[in-house]
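See below for model_30.txt, which holds compact mmCIF, C-alpha atoms and all ligand atoms.
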```
# COMPACT_ATOMS: atom_id res chain seq x y z
CA MET A 1 16.77 -5.52 -18.28
CA ARG A 2 13.39 -7.28 -18.43
CA ILE A 3 12.16 -8.74 -15.17
CA LEU A 4 9.15 -11.02 -14.89
CA ALA A 5 7.74 -10.86 -11.36
CA LEU A 6 5.10 -12.76 -9.43
CA GLU A 7 3.19 -11.40 -6.44
CA THR A 8 1.01 -13.77 -4.39
CA SER A 9 1.51 -12.54 -0.83
CA CYS A 10 -2.19 -12.23 0.00
CA ASP A 11 -5.32 -12.37 -2.18
CA GLU A 12 -4.16 -11.14 -5.59
CA THR A 13 -2.52 -13.43 -8.15
CA ALA A 14 -0.33 -11.00 -10.08
CA VAL A 15 2.27 -11.36 -12.81
CA ALA A 16 4.07 -8.49 -14.55
CA VAL A 17 6.95 -7.78 -16.88
CA VAL A 18 8.85 -4.51 -16.35
CA GLU A 19 11.81 -3.13 -18.26
CA ASP A 20 14.60 -1.38 -16.36
CA GLY A 21 12.47 -0.92 -13.26
CA ARG A 22 10.17 1.70 -14.78
CA ARG A 23 8.52 0.64 -18.03
CA THR A 24 5.62 -1.76 -17.56
CA LEU A 25 5.20 -4.19 -20.46
CA ALA A 26 2.52 -6.33 -18.82
CA ASN A 27 0.55 -6.11 -15.58
CA ILE A 28 -1.93 -8.91 -14.87
CA ILE A 29 -3.86 -8.85 -11.58
CA LEU A 30 -6.47 -11.45 -10.65
CA THR A 31 -8.27 -10.48 -7.44
CA GLN A 32 -9.91 -13.02 -5.14
CA ASN A 33 -12.48 -10.55 -3.76
CA GLU A 34 -15.46 -12.66 -4.78
CA LEU A 35 -14.08 -15.70 -2.96
CA HIS A 36 -13.29 -13.91 0.32
CA ALA A 37 -16.35 -11.62 0.33
CA GLN A 38 -18.52 -14.55 1.44
CA TYR A 39 -16.41 -14.86 4.63
CA GLY A 40 -15.98 -11.10 5.20
CA GLY A 41 -12.18 -11.46 5.23
CA VAL A 42 -9.26 -13.26 3.58
CA VAL A 43 -9.18 -17.01 4.33
CA PRO A 44 -5.49 -18.01 3.97
CA GLU A 45 -6.07 -21.64 2.97
CA ALA A 46 -8.61 -20.66 0.31
CA ALA A 47 -6.31 -17.88 -0.96
CA ALA A 48 -3.38 -20.28 -1.46
CA ARG A 49 -5.52 -22.80 -3.32
CA GLN A 50 -6.87 -20.10 -5.63
CA HIS A 51 -3.31 -18.90 -6.39
CA LEU A 52 -2.35 -22.47 -7.22
CA GLY A 53 -5.14 -22.73 -9.77
CA ALA A 54 -4.53 -19.31 -11.32
CA ILE A 55 -0.78 -18.85 -11.46
CA ASN A 56 0.00 -20.45 -14.84
CA ARG A 57 -2.93 -18.71 -16.51
CA CYS A 58 -1.75 -15.32 -15.22
CA LEU A 59 1.79 -16.11 -16.36
CA ASP A 60 0.58 -16.92 -19.90
CA GLN A 61 -1.54 -13.75 -19.99
CA ALA A 62 1.39 -11.56 -18.86
CA LEU A 63 3.71 -12.93 -21.55
CA GLN A 64 0.98 -12.49 -24.14
CA GLN A 65 0.30 -8.89 -23.04
CA ALA A 66 4.02 -8.09 -23.19
CA GLY A 67 4.35 -9.82 -26.58
CA LEU A 68 7.27 -11.85 -25.23
CA SER A 69 8.24 -15.44 -24.63
CA LEU A 70 10.17 -16.75 -21.62
CA GLU A 71 13.44 -16.55 -23.59
CA ASN A 72 13.08 -12.74 -23.71
CA VAL A 73 13.03 -12.46 -19.92
CA ASP A 74 16.35 -11.66 -18.20
CA CYS A 75 15.43 -12.34 -14.60
CA PHE A 76 12.61 -13.80 -12.49
CA ALA A 77 11.41 -12.26 -9.23
CA ALA A 78 8.80 -12.89 -6.54
CA THR A 79 7.63 -11.53 -3.23
CA LEU A 80 9.19 -13.56 -0.42
CA GLY A 81 7.51 -11.77 2.49
CA PRO A 82 5.83 -10.50 4.52
CA GLY A 83 2.54 -12.22 3.70
CA LEU A 84 0.51 -15.42 4.04
CA ILE A 85 3.00 -18.28 3.81
CA GLY A 86 0.78 -20.63 1.77
CA SER A 87 0.15 -17.85 -0.74
CA LEU A 88 3.77 -16.67 -0.86
CA LEU A 89 5.00 -20.17 -1.64
CA ILE A 90 2.96 -20.38 -4.85
CA GLY A 91 4.50 -17.29 -6.47
CA ALA A 92 7.99 -17.77 -5.04
CA ASN A 93 8.25 -21.41 -6.07
CA ALA A 94 6.92 -20.69 -9.56
CA ALA A 95 9.50 -17.92 -10.05
CA LYS A 96 12.30 -20.09 -8.66
CA ALA A 97 11.31 -22.97 -10.95
CA LEU A 98 11.38 -20.63 -13.98
CA SER A 99 14.80 -19.40 -12.92
CA LEU A 100 16.08 -22.95 -12.49
CA VAL A 101 14.95 -24.26 -15.85
CA SER A 102 15.98 -21.12 -17.77
CA GLY A 103 19.34 -20.61 -16.05
CA LYS A 104 18.38 -16.94 -15.47
CA PRO A 105 18.72 -15.33 -12.02
CA PHE A 106 16.03 -15.23 -9.34
CA ARG A 107 15.49 -12.20 -7.10
CA GLY A 108 13.40 -12.15 -3.94
CA VAL A 109 11.53 -8.99 -2.97
CA HIS A 110 10.30 -7.50 0.30
CA HIS A 111 6.61 -6.71 -0.25
CA LEU A 112 6.73 -3.29 1.44
CA TYR A 113 9.77 -2.28 -0.56
CA GLY A 114 7.73 -3.25 -3.61
CA HIS A 115 5.01 -0.78 -2.61
CA VAL A 116 7.60 2.03 -2.37
CA CYS A 117 8.87 1.11 -5.88
CA ALA A 118 5.34 1.42 -7.32
CA ASN A 119 6.24 5.10 -7.50
CA TYR A 120 9.10 4.44 -9.97
CA LEU A 121 6.74 2.85 -12.51
CA ASP A 122 5.95 5.06 -15.51
CA SER A 123 7.68 7.87 -13.61
CA ASP A 124 11.08 9.59 -13.35
CA LEU A 125 11.02 9.76 -9.54
CA LYS A 126 14.41 9.32 -7.87
CA PRO A 127 15.41 9.22 -4.20
CA PRO A 128 15.62 11.05 -1.86
CA PHE A 129 11.97 11.35 -0.88
CA LEU A 130 9.61 10.71 1.99
CA CYS A 131 7.18 7.84 1.45
CA LEU A 132 3.89 7.44 3.29
CA LEU A 133 3.20 3.71 3.04
CA VAL A 134 -0.41 2.84 3.85
CA SER A 135 -1.56 -0.73 3.30
CA GLY A 136 -3.75 -3.39 4.90
CA GLY A 137 -1.04 -4.40 7.37
CA HIS A 138 1.29 -1.39 7.60
CA THR A 139 1.32 2.36 8.10
CA GLN A 140 4.80 3.84 7.91
CA LEU A 141 6.67 7.03 7.15
CA ILE A 142 9.84 6.02 5.34
CA HIS A 143 12.79 8.20 4.43
CA VAL A 144 13.95 6.75 1.12
CA SER A 145 17.47 8.19 0.95
CA ASP A 146 18.56 5.91 -1.91
CA TYR A 147 17.14 3.02 -3.93
CA ASP A 148 18.45 0.57 -1.35
CA ARG A 149 18.43 2.78 1.77
CA MET A 150 15.28 3.28 3.77
CA GLU A 151 14.68 4.43 7.30
CA ILE A 152 11.35 4.09 9.07
CA LEU A 153 10.66 7.38 10.86
CA GLY A 154 7.22 6.51 12.17
CA GLU A 155 4.63 3.74 12.08
CA THR A 156 1.32 2.69 13.54
CA LEU A 157 1.25 1.56 17.14
CA ASP A 158 -1.87 -0.55 16.62
CA ASP A 159 -4.14 -0.91 13.55
CA ALA A 160 -2.87 -0.19 10.05
CA VAL A 161 -4.92 2.35 8.10
CA GLY A 162 -6.21 -0.28 5.67
CA GLU A 163 -7.19 -2.51 8.57
CA ALA A 164 -9.11 0.36 10.23
CA TYR A 165 -10.86 1.00 6.90
CA ASP A 166 -11.74 -2.68 6.45
CA LYS A 167 -13.11 -3.07 9.99
CA THR A 168 -15.08 0.17 9.83
CA GLY A 169 -16.40 -0.73 6.39
CA ARG A 170 -17.64 -4.01 7.85
CA LEU A 171 -19.27 -2.13 10.77
CA LEU A 172 -21.21 0.09 8.36
CA GLY A 173 -22.12 -2.85 6.10
CA ALA A 174 -20.36 -1.07 3.23
CA GLY A 175 -19.24 -4.19 1.32
CA PHE A 176 -15.99 -6.11 0.82
CA PRO A 177 -13.21 -5.08 0.90
CA GLY A 178 -14.16 -2.34 3.34
CA GLY A 179 -11.52 0.22 2.26
CA PRO A 180 -12.68 1.03 -1.27
CA ALA A 181 -16.34 0.57 -0.25
CA LEU A 182 -15.98 3.13 2.56
CA ASP A 183 -14.12 5.47 0.20
CA ARG A 184 -17.07 5.33 -2.22
CA LEU A 185 -19.59 5.98 0.58
CA ALA A 186 -17.51 8.92 1.81
CA GLN A 187 -17.87 10.71 -1.56
CA HIS A 188 -21.58 11.20 -0.78
CA GLY A 189 -21.39 12.17 2.90
CA ASN A 190 -20.84 15.24 5.06
CA SER A 191 -17.34 15.07 6.55
CA LYS A 192 -18.31 17.49 9.34
CA ALA A 193 -21.33 15.50 10.51
CA PHE A 194 -19.37 13.67 13.23
CA ASN A 195 -16.52 15.00 15.33
CA LEU A 196 -14.15 12.06 15.69
CA PRO A 197 -10.99 11.92 17.85
CA THR A 198 -7.41 12.05 16.59
CA ALA A 199 -4.94 10.00 18.64
CA ARG A 200 -1.89 11.58 20.21
CA THR A 201 1.28 9.49 20.02
CA GLN A 202 4.57 9.89 21.85
CA GLY A 203 6.63 9.55 18.68
CA PRO A 204 5.68 12.56 16.54
CA TYR A 205 5.47 10.49 13.37
CA ASP A 206 3.77 7.44 14.81
CA PHE A 207 0.09 6.70 14.26
CA SER A 208 -2.75 5.07 16.18
CA PHE A 209 -6.13 4.20 14.69
CA SER A 210 -7.72 1.81 17.18
CA GLY A 211 -9.33 4.65 19.21
CA LEU A 212 -10.87 6.09 16.05
CA LYS A 213 -12.26 2.68 15.16
CA THR A 214 -13.90 2.39 18.60
CA ALA A 215 -15.26 5.96 18.35
CA MET A 216 -16.84 5.04 15.03
CA ARG A 217 -18.54 2.02 16.59
CA ARG A 218 -19.92 4.13 19.44
CA ALA A 219 -21.12 6.90 17.10
CA TYR A 220 -22.80 4.36 14.82
CA GLU A 221 -24.52 2.52 17.67
CA ARG A 222 -25.72 5.81 19.22
CA ALA A 223 -27.06 7.09 15.91
CA CYS A 224 -28.81 3.78 15.15
CA ALA A 225 -30.52 3.85 18.57
CA GLU A 226 -32.18 7.19 17.75
CA PRO A 227 -35.91 7.05 16.87
CA ALA A 228 -35.28 8.26 13.28
CA PRO A 229 -31.65 7.75 12.18
CA SER A 230 -30.51 10.04 9.36
CA PRO A 231 -30.99 8.51 5.89
CA THR A 232 -27.39 9.52 5.12
CA LEU A 233 -25.95 8.08 8.35
CA GLN A 234 -23.57 5.63 6.65
CA GLU A 235 -22.34 8.22 4.14
CA ASP A 236 -21.82 10.88 6.84
CA LEU A 237 -19.96 8.50 9.13
CA ALA A 238 -17.78 7.32 6.24
CA ALA A 239 -16.98 10.90 5.19
CA SER A 240 -16.18 11.94 8.78
CA PHE A 241 -13.94 8.89 9.24
CA GLN A 242 -12.16 9.54 5.96
CA HIS A 243 -11.64 13.22 6.79
CA THR A 244 -10.10 12.36 10.19
CA VAL A 245 -7.80 9.69 8.75
CA VAL A 246 -6.68 11.76 5.77
CA GLU A 247 -5.94 14.86 7.87
CA THR A 248 -3.89 12.80 10.35
CA LEU A 249 -1.88 11.13 7.58
CA PHE A 250 -1.36 14.39 5.72
CA ARG A 251 -0.34 16.50 8.76
CA LYS A 252 2.19 14.00 10.07
CA THR A 253 3.67 13.38 6.63
CA LEU A 254 4.12 17.07 6.00
CA ALA A 255 5.65 17.71 9.45
CA CYS A 256 8.06 14.82 8.90
CA ALA A 257 9.02 16.08 5.42
CA GLU A 258 9.69 19.55 6.82
CA ALA A 259 11.79 18.18 9.67
CA ARG A 260 13.88 16.13 7.23
CA ASN A 261 14.11 18.88 4.59
CA LEU A 262 12.46 16.60 2.03
CA THR A 263 10.45 18.34 -0.66
CA THR A 264 9.45 15.20 -2.53
CA ILE A 265 6.68 13.11 -1.01
CA ALA A 266 5.31 9.82 -2.36
CA ILE A 267 2.39 7.77 -1.14
CA ALA A 268 2.18 4.00 -1.58
CA GLY A 269 0.22 0.87 -0.57
CA GLY A 270 -3.41 -0.11 -1.06
CA VAL A 271 -4.78 2.95 0.74
CA SER A 272 -2.93 5.24 -1.70
CA ALA A 273 -5.88 4.39 -4.00
CA ASN A 274 -8.10 6.35 -1.61
CA GLN A 275 -9.67 9.33 -3.39
CA GLY A 276 -9.69 11.54 -0.30
CA LEU A 277 -6.00 10.92 0.40
CA ARG A 278 -4.93 11.42 -3.21
CA GLN A 279 -6.92 14.65 -3.49
CA ARG A 280 -5.52 16.02 -0.21
CA PHE A 281 -1.90 15.52 -1.31
CA GLN A 282 -2.53 16.67 -4.88
CA ALA A 283 -4.32 19.83 -3.71
CA PHE A 284 -1.37 20.63 -1.45
CA ALA A 285 1.10 20.13 -4.30
CA SER A 286 -0.83 22.39 -6.65
CA ASN A 287 -0.65 25.21 -4.06
CA HIS A 288 3.01 24.56 -3.13
CA PRO A 289 5.19 24.42 -6.26
CA ASP A 290 8.28 23.93 -4.07
CA TYR A 291 6.97 20.43 -3.25
CA ARG A 292 6.62 17.44 -5.55
CA VAL A 293 3.94 14.90 -4.64
CA CYS A 294 3.91 11.48 -6.34
CA VAL A 295 0.90 9.21 -6.26
CA PRO A 296 1.11 5.84 -8.03
CA LYS A 297 -1.27 5.06 -10.90
CA MET A 298 -4.35 3.25 -9.55
CA ALA A 299 -3.13 -0.09 -10.99
CA TYR A 300 0.02 0.15 -8.87
CA CYS A 301 -1.62 1.03 -5.52
CA THR A 302 -3.06 -2.27 -4.32
CA ASP A 303 -1.01 -5.44 -4.63
CA ASN A 304 0.49 -5.95 -8.10
CA ALA A 305 3.57 -7.60 -9.57
CA ALA A 306 4.84 -4.58 -11.55
CA MET A 307 6.02 -3.00 -8.28
CA ILE A 308 7.77 -6.28 -7.39
CA ALA A 309 9.60 -6.30 -10.75
CA SER A 310 10.64 -2.67 -10.21
CA SER A 311 11.89 -3.51 -6.76
CA ALA A 312 13.88 -6.47 -8.07
CA PHE A 313 15.56 -4.13 -10.55
CA PHE A 314 16.47 -1.34 -8.13
CA ASN A 315 17.39 -3.48 -5.16
CA PRO A 316 18.57 -6.97 -6.11
CA LEU A 317 18.38 -9.12 -3.01
CA THR A 318 18.89 -12.62 -4.40
CA ASP A 319 17.14 -14.85 -1.87
CA ASN A 320 17.22 -12.72 1.25
CA TRP A 321 14.15 -10.64 2.00
CA THR A 322 14.91 -9.79 5.63
CA MET A 323 16.38 -6.55 4.38
CA GLU A 324 18.63 -4.55 6.62
CA VAL A 325 17.85 -1.56 4.41
CA PHE A 326 14.70 -1.10 6.49
CA SER A 327 15.96 0.36 9.73
CA ARG A 328 13.89 2.01 12.45
CA THR A 329 15.24 5.21 13.99
CA PRO A 330 14.36 5.74 17.67
CA ALA A 331 11.48 8.24 17.82
CA LYS A 332 13.48 10.69 19.94
CA SER A 333 15.69 11.64 16.99
CA CYS A 334 12.64 13.31 15.43
CA GLU A 335 11.24 15.01 18.51
CA ALA A 336 12.78 18.41 17.86
CA SER A 337 10.10 19.27 15.37
CA GLN A 338 7.02 17.84 17.02
CA PRO A 339 3.88 18.85 15.05
O1 LIG A 401 -1.36 -2.94 -0.34
P1 LIG A 401 -2.58 -3.76 -0.27
O2 LIG A 401 -3.23 -4.16 -1.56
O3 LIG A 401 -2.32 -5.08 0.53
C1 LIG A 401 -1.46 -5.10 1.65
O4 LIG A 401 -0.23 -5.14 1.44
O5 LIG A 401 -2.02 -5.02 2.77
O6 LIG A 401 -3.62 -2.96 0.62
C2 LIG A 401 -4.89 -3.46 0.86
C3 LIG A 401 -5.59 -2.47 1.77
C4 LIG A 401 -6.92 -3.03 2.25
O7 LIG A 401 -7.02 -2.78 3.64
C5 LIG A 401 -7.92 -2.20 1.45
O8 LIG A 401 -9.16 -2.04 2.08
C6 LIG A 401 -7.19 -0.88 1.33
O9 LIG A 401 -5.85 -1.25 1.07
N1 LIG A 401 -7.71 -0.05 0.25
C7 LIG A 401 -8.32 1.13 0.45
C8 LIG A 401 -8.73 1.60 -0.83
N2 LIG A 401 -8.36 0.68 -1.75
C9 LIG A 401 -7.74 -0.33 -1.07
N3 LIG A 401 -8.54 1.83 1.57
C10 LIG A 401 -9.18 3.01 1.46
N4 LIG A 401 -9.61 3.52 0.29
C11 LIG A 401 -9.41 2.85 -0.88
N5 LIG A 401 -9.84 3.37 -2.04
ZN ZN A 402 0.50 -4.81 -0.30
```
Write out the structure in this file as structure tokens.
Amino acid sequence: MRILALETSCDETAVAVVEDGRRTLANIILTQNELHAQYGGVVPEAAARQHLGAINRCLDQALQQAGLSLENVDCFAATLGPGLIGSLLIGANAAKALSLVSGKPFRGVHHLYGHVCANYLDSDLKPPFLCLLVSGGHTQLIHVSDYDRMEILGETLDDAVGEAYDKTGRLLGAGFPGGPALDRLAQHGNSKAFNLPTARTQGPYDFSFSGLKTAMRRAYERACAEPAPSPTLQEDLAASFQHTVVETLFRKTLACAEARNLTTIAIAGGVSANQGLRQRFQAFASNHPDYRVCVPKMAYCTDNAAMIASSAFFNPLTDNWTMEVFSRTPAKSCEASQP
């Protein structure tokens, strides 16, 4: 089954064609970074207008890349939420219009479920597995027991990881978006230069990053006030921040996997593009052959439509994105194996 999907939930205009949920035939992503960089953050109204201008061009490019015409598509899909409503409407309405005129079905997709499905692309991964989902708005540990069954075992109590990266990147003047810019800076810094705090949470698999963000601000301000700040201050702070975040994510994910007897771990979401995080999980897997670690290809980490097409294949939802398949277990059910 060939699904053509559109993803416009935030600041990427993306169109993809995927066969049977795993084989990507086309993957077009147009980022709006240049537009939003001048404001230091995503401006929803500007994002929606840019999607409106770009959507048909991206659609043409995707069909061309796949070597297909609309008649060869079996189903149309789009992200229905969560996301910026003005942006979502562009992709969703385009996909619904294509469905209407072609008489082919439309499937709506939950954006976070899409990120989980990024791991099925060009891969033979099958549930069950534990997924660490780290994006700009979410940080969750999800037990994927089947293609359409997911249970949230832990999540952030305040900032999402990507949000903490973006805000800290802005603090250090690293560039826009802050996440990848900070990741690049971190490659050249000393991760032991600053001793940053790790938050304790009541739920063993929950996260909190707002304290770390504040600690970074204090450390930066203190260091800048010194008579001769280190020439590698930004790099060292970035590396120390990255080390603290990566260790927290890794430790909690592993403890959760052990508690649930899950030996397959996947990471997903924009922050799964982070070099430090990928290396930490991959290094663990190479020393522990009893575990399988899946990291999506770089093109499937940040927002893309291939993951939405995969999701539409594995979990057809028609028009209802408020999926009951995402259920949150009370934290106490996990407390027995507190890390
Ligand atoms: O999944 P995504 O594209 O959009 C959301 O659904 O939120 O994630 C975007 C987030 C942003 O916060 C961005 O800074 C972060 O992912 N990100 C990174 C990296 N690449 C993207 N964070 C850290 N290191 C990276 N290499
Ligand atoms: Zn996303």
Next on the checklist: What residues of the protein or nucleic acid chains come within 6 Å of ligand LIG 401 (chain A) when you use all atoms listed in the file? Reply as a PyMOL selection string.
Outcome noted: chain A and resi 135-137+162-163+165-166+177-180+183+269-271+273-274+302-303
Go ahead and write the selection's residues with C-alpha atoms as a JSON list (two decimals), in the frame of the given file.
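For reference, selection-v7.json as written:
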```json
[["chain", "number", "residue", "atom", "x", "y", "z"],
["A", 135, "SER", "CA", -1.56, -0.73, 3.30],
["A", 136, "GLY", "CA", -3.75, -3.39, 4.90],
["A", 137, "GLY", "CA", -1.04, -4.40, 7.37],
["A", 162, "GLY", "CA", -6.21, -0.28, 5.67],
["A", 163, "GLU", "CA", -7.19, -2.51, 8.57],
["A", 165, "TYR", "CA", -10.86, 1.00, 6.90],
["A", 166, "ASP", "CA", -11.74, -2.68, 6.45],
["A", 177, "PRO", "CA", -13.21, -5.08, 0.90],
["A", 178, "GLY", "CA", -14.16, -2.34, 3.34],
["A", 179, "GLY", "CA", -11.52, 0.22, 2.26],
["A", 180, "PRO", "CA", -12.68, 1.03, -1.27],
["A", 183, "ASP", "CA", -14.12, 5.47, 0.20],
["A", 269, "GLY", "CA", 0.22, 0.87, -0.57],
["A", 270, "GLY", "CA", -3.41, -0.11, -1.06],
["A", 271, "VAL", "CA", -4.78, 2.95, 0.74],
["A", 273, "ALA", "CA", -5.88, 4.39, -4.00],
["A", 274, "ASN", "CA", -8.10, 6.35, -1.61],
["A", 302, "THR", "CA", -3.06, -2.27, -4.32],
["A", 303, "ASP", "CA", -1.01, -5.44, -4.63]]
```
Can you check which parts of chain A lie within 12 Å of ligand ZN 402 (chain A)? Per residue, the shortest pair of atoms and distance in Å to one decimal, counting all atoms listed in the file, sorted by chain and number, as CSV.
```
residue,atom,partner,partner_atom,distance
A:Glu7,CA,A:ZN402,ZN,9.4
A:Thr8,CA,A:ZN402,ZN,9.9
A:Ser9,CA,A:ZN402,ZN,7.8
A:Cys10,CA,A:ZN402,ZN,7.9
A:Asp11,CA,A:ZN402,ZN,9.7
A:Glu12,CA,A:ZN402,ZN,9.5
A:Ala14,CA,A:ZN402,ZN,11.6
A:Thr79,CA,A:ZN402,ZN,10.2
A:Gly81,CA,A:ZN402,ZN,10.3
A:Pro82,CA,A:ZN402,ZN,9.2
A:Gly83,CA,A:ZN402,ZN,8.7
A:Leu84,CA,A:ZN402,ZN,11.5
A:His110,CA,A:ZN402,ZN,10.2
A:His111,CA,A:ZN402,ZN,6.4
A:Leu112,CA,A:ZN402,ZN,6.6
A:Tyr113,CA,A:ZN402,ZN,9.6
A:Gly114,CA,A:ZN402,ZN,8.1
A:His115,CA,A:ZN402,ZN,6.5
A:Val116,CA,A:ZN402,ZN,10.1
A:Cys117,CA,A:ZN402,ZN,11.7
A:Ala118,CA,A:ZN402,ZN,10.6
A:Leu133,CA,A:ZN402,ZN,9.5
A:Val134,CA,A:ZN402,ZN,8.8
A:Ser135,CA,A:ZN402,ZN,5.8
A:Gly136,CA,A:ZN402,ZN,6.9
A:Gly137,CA,A:ZN402,ZN,7.8
A:His138,CA,A:ZN402,ZN,8.6
A:Thr139,CA,A:ZN402,ZN,11.1
A:Ala160,CA,A:ZN402,ZN,11.8
A:Gly162,CA,A:ZN402,ZN,10.1
A:Glu163,CA,A:ZN402,ZN,12.0
A:Ala268,CA,A:ZN402,ZN,9.1
A:Gly269,CA,A:ZN402,ZN,5.7
A:Gly270,CA,A:ZN402,ZN,6.2
A:Val271,CA,A:ZN402,ZN,9.4
A:Ser272,CA,A:ZN402,ZN,10.7
A:Ala273,CA,A:ZN402,ZN,11.8
A:Tyr300,CA,A:ZN402,ZN,9.9
A:Cys301,CA,A:ZN402,ZN,8.1
A:Thr302,CA,A:ZN402,ZN,5.9
A:Asp303,CA,A:ZN402,ZN,4.6
A:Asn304,CA,A:ZN402,ZN,7.9
A:Ala305,CA,A:ZN402,ZN,10.2
A:Met307,CA,A:ZN402,ZN,9.9
A:Ile308,CA,A:ZN402,ZN,10.3
```
Checklist entry - Which neighbours of A:Ala54 fall inside 12 Å, counting only C-alpha atoms, when residues of the same chain fewer than 6 positions from it are skipped, and could you give them as a VMD selection string? => result chain A and resid 6 8 11 to 15 28 to 32 47 to 48 60 to 61 87 90 to 91 94
Checklist outcome for this item: Using all atoms listed in the file, the best pick from A:Ala181, A:Ala266, A:Leu52, A:Ala228 as closest to A:Ala285 would be A:Ala266
Item to check | Distance of atom CA of A:Ala95 from atom CA of A:Gln50, expressed in Å to one decimal place | outcome: 17.1 Å
Item to check | Counting all atoms listed in the file, the option among A:Leu249, A:Leu182, A:Ala257, A:Ile267 closest to A:Glu235 | outcome: A:Leu182
Item to check | One-decimal distance in Å that lies between atom CA of A:Phe207 and atom CA of A:Gln140 | outcome: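 The value is 8.4 Å.
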Checklist entry - Closest to A:Asn72 among A:Gln234, A:Val17, A:Ser286, A:Lys167, using all atoms listed in the file? => result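 Comparing A:Gln234, A:Val17, A:Ser286, A:Lys167 against A:Asn72, the winner is A:Val17.
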Item to check | Nearest to A:Leu80 by atom-to-atom distance, counting all atoms listed in the file, from A:Asn315, A:Thr198, A:Gln187, A:Asn93 | outcome: A:Asn93
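Reported to one decimal place, the separation of atom CA of A:Leu100 from atom CA of A:Gly21 is 22.3 Å.
Closest approach to A:Val161 among A:Lys192, A:Lys213, A:Arg184, A:Arg218 is made by A:Lys213 (distances from all atoms listed in the file).
With distances taken over only C-alpha atoms, A:Asp20 is the one residue among A:Asp206, A:Asp146, A:Glu34, A:Asp20 lying closest to A:Leu121.
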